[in-house]
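A short write-up of the structure that comes next.
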Amino acid sequence: MYSRKSSSSLSSALYEPVYNEHPAAVAAPSDEADPSERPLAYIRTQRKFCALTFVVLMVFLFIIIITTLLYMGVLLRLQHFTLKPWRRLPTTSRPLHYDLQLEIRPSELLFIGHEEIEILSTSRSQYIVLNSCGLEVKRVQVDPADPYSTPDTPEVQYFTLIPENEQLLIKLRTSLRRNARYRVIVDFWGKISTLEQGKGLFQDQFKVNGRVSDMALTQFQPSYARRTFPCYDEPGFKSTFNVSVVNEYFYTALSNMPAVERAPTETGLVQTTFSQTPLIPV
């Protein structure tokens, strides 16, 4: 009824199932973490990797931004925040003479200006500071007034408007020579203000034979000349002026000096040139 297996068969029957079905039961002890802790360790590793990746990307982005700003010259234009906050114009230069041309368009409430200021550099400086308020400056150039006595031409590194001080800051790559004369050339434009404002160049109306026409007037006192052209707009700076006004032919330009010439321009406008102003005594 019963059959007997050999000892070798019994040994195989006892140990083969254990070996084949449950290999972990006979494996040697391991130093691996508890399986229940593996998800938490994995999450921590992933967080560290994401944080490191984010830092690397931010550093890379910062480098790109700084490189772009340097290329565009924006950082140079922002340097005036680190400069001495001049509330009054520095005395490192002073004006000697202005050649000023204004093209006035009363119907458009717009004027376009070009000026050349002859200045005297009273000390070595890389900065020229003018008063300017509400103007858009398109171009600035600095040349020696006498290329024979001052052969080197200063290169404008940048220029920027400082609205809170009503100033135009011109930064040069090299310093101006002391007691040398230079010519500061500025192209700019601005808007004609309203009669209610009445500052700088402003608009008014007049009536002739029942017909109302526009006109543009100036009010430069006490410190409103800077609203019409960049200048040394402080009482301590005295200079002479040559002024010319360009306008449409049906307007008449007047000044505090007599007109010496009224001639048409290539653009169909009329340019009126006035005689040089005297130097106002101190």
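By convention here, the chains of the structure tokens are called A, B, ... in the order presented, each chain's residues are numbered starting at 1, and ligands are numbered starting at 1 in the order presented.
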Please list as a PyMOL selection string every residue within 8 Å of Arg183 in chain A, counting only C-alpha atoms and excluding residues in the same chain fewer than 6 positions away. chain A and resi 116-119+142-145
May I have the residues within 12 Å of Met215 in chain A as a PyMOL selection string, using only C-alpha atoms and disregarding those fewer than 5 positions away in the same chain? chain A and resi 104-109+192-195+201-207+247-248+250-254
Please measure the separation of CA of Val243 in chain A and CA of Phe274 in chain A, giving the value in Å to one decimal. 5.7 Å
Running DSSP on the backbone, which parts of range 44-202 of chain A land in strand (DSSP E), as a PyMOL selection string? chain A and resi 93-105+110-121+127-131+136-144+156-162+167-172+180-191+200-202
